[in-house]
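Beneath this line is the structure, given in structure tokens, with notes to follow.
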Amino acid sequence: MSVVLETIGLEKRFGGLTATNNVSIKIETGARHALIGPNGAGKTTLINLLTGVLKPTKGQILLDGKDITAVPQHKRVGLGMVRTFQINQLFGDLTPLETLTLAISERNGDGLNAWTNAGRKAEFMPEIAAILERFRLADVMNERTAILPYGKQRLLEIAAAIACKPRVLLLDEPAAGVPEGERHEILASIAALPSDVTVVLIEHDMDIVFSFAKRISVLVNGALYVEGSSEEVARDPRVKAVYLGEAHDA
Amino acid sequence: MDQTTLAKHSADSLAARTRWRPLEILFWLAAFATIWLAPTHHLLLAEIAILGLFALSLDLILGYAGIISLGHAAFFGFGAYTAALLAKFEFINEPVLALIVAGFAAALLGFVTSFLVLRGTDLTRIMVTLGVALVLREVANQNGWLTGGADGLQGVTMQPILGRFRFDMFGHNGYIYCLVTLFVMTMVARRIVNSPFGLSLQSIRNNPLRAAALGINVNARLVVVYTIAAFYAGVAGALLAQTQAFASLAYFDFDRSADLLMMLIIGGTGYLYGGVIGAMVFKIMQDYLSTLTPQYWLFWIGLLLVVIVMIGRDRIAGWASPVRDLLLKLDMAIHRTRTGS
């Protein structure tokens, strides 16, 4: 398998705090890769570095073998690297339909078109309809996002990323805060992603992690602690120690 | 619902965003009717149309893209002086052409200064925009040989519009000129805000972080809309200079920017008509109240502003909802008969 995303000695310091410490990771095309680690381990910081929200202090990020460390955030989306957020980052005044239309227009380079109605492109409609249906948003497609129930907002958070047609999708705790009864909708939508899409998942819920991920990287204090297949990581005593607090810090 | 139906519903819902609403049609019919029905008020109405256009410009950046400005008069004044100078030195004698050139001059200024508002919070933007307007005012003040300085730019003679319609002293042609300009530019703005570009502006106002995460170059979009808005403000300023055959330093004043923000907030942001409605309320209140209490009319505007902000526009709209529901039903009935379903 070829490597789609790679970091070499990635480091991010905020003053005296090292949030990401010499992280070198390789993620293969089509991988189902989970990033786990205790709170404050630097998982979200790593996602922010990968997507260009933050600039690394040191190190490189390669996408398809090309250095994208200096590529701005919006251009990385064009290269196929798309993310979702741990805390919903949505457009409260827009409807789900408008949000998806926006994402698809932008992807197709129609974003600077200031003259024709956003809904004029008939060729976008089947894709919009497919995403609305897949993420169970059809019944609320014309409601303002701000008034949608939390579970629907969470689905839209992922749907908007899917509308960007990612090759590498970074999911930051997609099920965070979703009540037990609505979780399966989100999990089913993630499981249904095409196999050629590479998925990197941050999650605290170990049931989700082990049912989804083939490979797992464990981050502790900003550094890569353990990496391996999910079976190896599940058996690894060091990981248990970190999570259950039996380690030297006791 | 199968996907073909859903795709059709999606297309219909998006198309409905640009459909003409009955209230909108009524508004323009009423506006154009004043040409014949209110001939004695054309000077006041022209001023309202100009301020409405100016407020529409602010709505484009504030109501759609979320950029607050307390110095929008910079572009208004710049457009006004450009138009007045073009006429005075007879560079361009035809007013419509001069109007467009003045708009582009303001747009150029908007483009250059847009880079100052990209960074920072609302507070920085307020200060930066305010600063730009003050600087321009002072530049105009210092270069009296060109601008007339504190006396204003005098000796401007306007040629007939399109070579045919003279600016008469009752302001009849001037009003028609302003109203037609307002109409055309509102229609253009209507297309802009309903386009994919307009949608991206709204997404940036809501959440710039997510907008960037969807592949939108946030800064580039803000530069574009700020430049467009400066064009609109420049045209508004040029209209005032042309109808008054005069330009003065007061066009750059802080008061003008502040009044503008007040008008837009009275009328409401983010639906294109808030500026014109706010300008109407503001000017009519000013005209009426200042005859009653010449010194204290601002008290009532201030009170209105406080009431609107404290009660909230949504709640006020809620009180009017029976009327709105009726209009919505009418709208749907008209649409149904037209599509024949």
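Labels used: A, B, ... for chains in the order of the structure tokens, numbers from 1 for residues in each chain, and numbers from 1 for ligands as shown.
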
Give me the residues near region 144-159 of chain A as a ChimeraX atom specification, where near means some atom within 9 Å (using only C-alpha atoms) and where sequence neighbours in that chain fewer than 2 positions away do not count. /A:83-85,87-96,99-100,131-132,134-137,140-142,161-164,171,174-179,182-183,185-186,189-190

Selected residues written out with N, CA and C atoms, as a tab-separated table (two decimals), in the first residue's frame:
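This went into out27.tsv:
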```tsv
chain	number	residue	atom	x	y	z
A	83	ARG	N	-11.44	17.97	7.10
A	83	ARG	CA	-11.60	17.59	8.50
A	83	ARG	C	-13.00	17.90	9.01
A	84	THR	N	-13.33	17.31	10.16
A	84	THR	CA	-14.49	17.76	10.93
A	84	THR	C	-13.95	18.24	12.28
A	85	PHE	N	-14.82	18.88	13.05
A	85	PHE	CA	-14.37	19.48	14.30
A	85	PHE	C	-15.00	18.78	15.50
A	87	ILE	N	-15.85	20.25	18.31
A	87	ILE	CA	-17.01	21.08	18.66
A	87	ILE	C	-17.58	21.58	17.34
A	88	ASN	N	-18.88	21.39	17.13
A	88	ASN	CA	-19.50	21.76	15.85
A	88	ASN	C	-19.07	23.14	15.36
A	89	GLN	N	-18.61	23.20	14.13
A	89	GLN	CA	-18.29	24.47	13.50
A	89	GLN	C	-19.19	24.57	12.26
A	90	LEU	N	-20.39	25.10	12.48
A	90	LEU	CA	-21.35	25.13	11.38
A	90	LEU	C	-21.79	26.56	11.11
A	91	PHE	N	-22.62	26.73	10.08
A	91	PHE	CA	-23.11	28.06	9.70
A	91	PHE	C	-24.55	28.19	10.20
A	92	GLY	N	-24.70	28.80	11.39
A	92	GLY	CA	-26.00	28.84	12.06
A	92	GLY	C	-27.14	29.40	11.22
A	93	ASP	N	-26.85	30.39	10.37
A	93	ASP	CA	-27.92	31.04	9.60
A	93	ASP	C	-28.22	30.32	8.28
A	94	LEU	N	-27.35	29.40	7.89
A	94	LEU	CA	-27.61	28.69	6.63
A	94	LEU	C	-28.37	27.40	6.93
A	95	THR	N	-29.06	26.89	5.92
A	95	THR	CA	-29.74	25.61	6.07
A	95	THR	C	-28.76	24.50	5.69
A	96	PRO	N	-29.06	23.25	6.06
A	96	PRO	CA	-28.21	22.14	5.61
A	96	PRO	C	-28.09	22.12	4.08
A	99	THR	N	-25.65	24.78	3.11
A	99	THR	CA	-24.29	24.41	3.52
A	99	THR	C	-23.68	23.43	2.51
A	100	LEU	N	-24.47	22.42	2.11
A	100	LEU	CA	-23.95	21.43	1.16
A	100	LEU	C	-23.76	22.04	-0.22
A	131	ILE	N	-26.25	13.08	-0.42
A	131	ILE	CA	-25.65	13.35	0.90
A	131	ILE	C	-26.74	13.65	1.93
A	132	LEU	N	-27.75	14.43	1.52
A	132	LEU	CA	-28.86	14.73	2.44
A	132	LEU	C	-29.50	13.44	2.94
A	134	ARG	N	-28.15	10.27	2.84
A	134	ARG	CA	-27.23	9.41	3.56
A	134	ARG	C	-27.06	9.87	5.01
A	135	PHE	N	-27.09	11.19	5.23
A	135	PHE	CA	-26.90	11.70	6.58
A	135	PHE	C	-28.22	12.07	7.25
A	136	ARG	N	-29.31	11.56	6.71
A	136	ARG	CA	-30.65	11.76	7.30
A	136	ARG	C	-30.94	13.22	7.57
A	137	LEU	N	-30.65	14.07	6.59
A	137	LEU	CA	-30.88	15.50	6.76
A	137	LEU	C	-32.00	16.00	5.84
A	140	VAL	N	-34.89	17.98	7.32
A	140	VAL	CA	-34.60	19.30	7.92
A	140	VAL	C	-33.79	20.18	6.96
A	141	MET	N	-33.76	19.83	5.67
A	141	MET	CA	-32.83	20.52	4.76
A	141	MET	C	-33.09	22.02	4.62
A	142	ASN	N	-34.33	22.46	4.90
A	142	ASN	CA	-34.62	23.89	4.78
A	142	ASN	C	-34.76	24.60	6.11
A	161	ALA	N	-18.21	17.89	5.39
A	161	ALA	CA	-16.85	17.45	5.03
A	161	ALA	C	-16.91	16.47	3.85
A	162	ILE	N	-17.90	15.60	3.87
A	162	ILE	CA	-18.06	14.62	2.78
A	162	ILE	C	-18.32	15.34	1.45
A	163	ALA	N	-19.07	16.46	1.52
A	163	ALA	CA	-19.39	17.22	0.31
A	163	ALA	C	-18.13	17.79	-0.34
A	164	CYS	N	-17.04	17.86	0.41
A	164	CYS	CA	-15.76	18.33	-0.16
A	164	CYS	C	-15.04	17.19	-0.88
A	171	LEU	N	-11.40	12.95	11.22
A	171	LEU	CA	-12.60	13.09	12.04
A	171	LEU	C	-12.20	13.29	13.49
A	174	PRO	N	-16.08	12.41	16.21
A	174	PRO	CA	-17.38	12.61	15.53
A	174	PRO	C	-18.57	12.31	16.41
A	175	ALA	N	-18.42	11.42	17.39
A	175	ALA	CA	-19.58	11.04	18.21
A	175	ALA	C	-19.63	11.80	19.53
A	176	ALA	N	-18.74	12.81	19.69
A	176	ALA	CA	-18.68	13.53	20.96
A	176	ALA	C	-20.01	14.18	21.29
A	177	GLY	N	-20.52	13.87	22.48
A	177	GLY	CA	-21.73	14.51	22.96
A	177	GLY	C	-23.01	14.01	22.35
A	178	VAL	N	-22.92	13.02	21.46
A	178	VAL	CA	-24.14	12.50	20.84
A	178	VAL	C	-24.73	11.44	21.77
A	179	PRO	N	-26.03	11.55	22.08
A	179	PRO	CA	-26.62	10.56	22.98
A	179	PRO	C	-26.56	9.15	22.39
A	182	GLU	N	-28.52	7.97	19.32
A	182	GLU	CA	-28.30	8.54	17.99
A	182	GLU	C	-26.91	8.21	17.45
A	183	ARG	N	-26.10	7.54	18.27
A	183	ARG	CA	-24.73	7.27	17.85
A	183	ARG	C	-24.63	6.40	16.61
A	185	GLU	N	-26.33	6.21	14.01
A	185	GLU	CA	-26.47	6.92	12.73
A	185	GLU	C	-25.12	7.47	12.27
A	186	ILE	N	-24.40	8.06	13.23
A	186	ILE	CA	-23.10	8.64	12.90
A	186	ILE	C	-22.09	7.55	12.56
A	189	SER	N	-22.72	6.08	9.19
A	189	SER	CA	-22.31	6.96	8.10
A	189	SER	C	-20.80	6.92	7.90
A	190	ILE	N	-20.05	6.75	9.00
A	190	ILE	CA	-18.60	6.67	8.87
A	190	ILE	C	-18.19	5.32	8.28
```

Could you name the residues that touch Gln3 (chain B) at 10 Å or less, counting only C-alpha atoms, but leaving out those on the same chain fewer than 6 positions away, as number ranges by chain? A: 125-133, 138; B: 9

Chain B contacts to chain A at 10 Å (only C-alpha atoms) as a ChimeraX atom specification: /B:1-18,188-218,220-221,224

Using the selection just defined, write its residues with C-alpha atoms as a tab-separated table (two decimals), in the first residue's frame.
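Below is the file that was written, out.tsv:
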```tsv
chain	number	residue	atom	x	y	z
B	1	MET	CA	-38.77	10.32	-0.73
B	2	ASP	CA	-36.51	8.93	-3.46
B	3	GLN	CA	-33.39	10.72	-4.55
B	4	THR	CA	-34.69	12.09	-7.83
B	5	THR	CA	-37.56	13.77	-5.98
B	6	LEU	CA	-35.16	14.98	-3.30
B	7	ALA	CA	-32.84	16.44	-5.95
B	8	LYS	CA	-35.82	18.25	-7.46
B	9	HIS	CA	-36.91	19.55	-4.04
B	10	SER	CA	-33.35	20.77	-3.43
B	11	ALA	CA	-33.28	22.62	-6.74
B	12	ASP	CA	-36.73	24.14	-6.03
B	13	SER	CA	-35.74	25.27	-2.53
B	14	LEU	CA	-32.58	26.92	-3.84
B	15	ALA	CA	-34.45	28.56	-6.71
B	16	ALA	CA	-37.03	29.90	-4.23
B	17	ARG	CA	-34.31	31.99	-2.57
B	18	THR	CA	-34.30	34.36	-5.53
B	188	VAL	CA	-27.18	43.62	-8.98
B	189	ALA	CA	-26.68	43.18	-5.22
B	190	ARG	CA	-29.60	40.76	-5.21
B	191	ARG	CA	-27.80	38.55	-7.71
B	192	ILE	CA	-24.51	38.81	-5.83
B	193	VAL	CA	-25.91	37.76	-2.45
B	194	ASN	CA	-27.85	34.83	-3.89
B	195	SER	CA	-24.88	33.50	-5.86
B	196	PRO	CA	-22.38	30.88	-4.66
B	197	PHE	CA	-20.10	33.84	-3.84
B	198	GLY	CA	-22.86	35.39	-1.71
B	199	LEU	CA	-23.37	32.07	0.05
B	200	SER	CA	-19.66	31.92	0.83
B	201	LEU	CA	-19.83	35.43	2.36
B	202	GLN	CA	-22.62	34.33	4.66
B	203	SER	CA	-20.64	31.27	5.66
B	204	ILE	CA	-17.66	33.49	6.50
B	205	ARG	CA	-19.84	35.75	8.65
B	206	ASN	CA	-21.16	32.68	10.49
B	207	ASN	CA	-17.91	30.81	10.93
B	208	PRO	CA	-14.68	31.74	9.14
B	209	LEU	CA	-12.87	28.71	10.60
B	210	ARG	CA	-15.29	26.29	8.99
B	211	ALA	CA	-15.46	28.31	5.78
B	212	ALA	CA	-11.70	27.81	5.40
B	213	ALA	CA	-12.12	24.13	6.24
B	214	LEU	CA	-14.47	23.84	3.24
B	215	GLY	CA	-11.75	25.18	0.96
B	216	ILE	CA	-12.80	28.86	0.91
B	217	ASN	CA	-10.03	31.45	0.73
B	218	VAL	CA	-11.59	33.65	3.40
B	220	ALA	CA	-9.66	36.77	-0.79
B	221	ARG	CA	-13.46	36.75	-0.49
B	224	VAL	CA	-13.61	41.13	-3.13
```

Could you write out, as a ChimeraX atom specification, all the residues of region 148-185 of chain A that DSSP marks as strand (DSSP E)? /A:168-172

Could you name the residues that touch region 227-230 of chain A at 8 Å or less, counting only C-alpha atoms, but leaving out those on the same chain fewer than 2 positions away, as JSON, numbers by chain? {"A": [210, 213, 214, 215, 216, 217, 218, 224, 225, 232, 233, 234]}
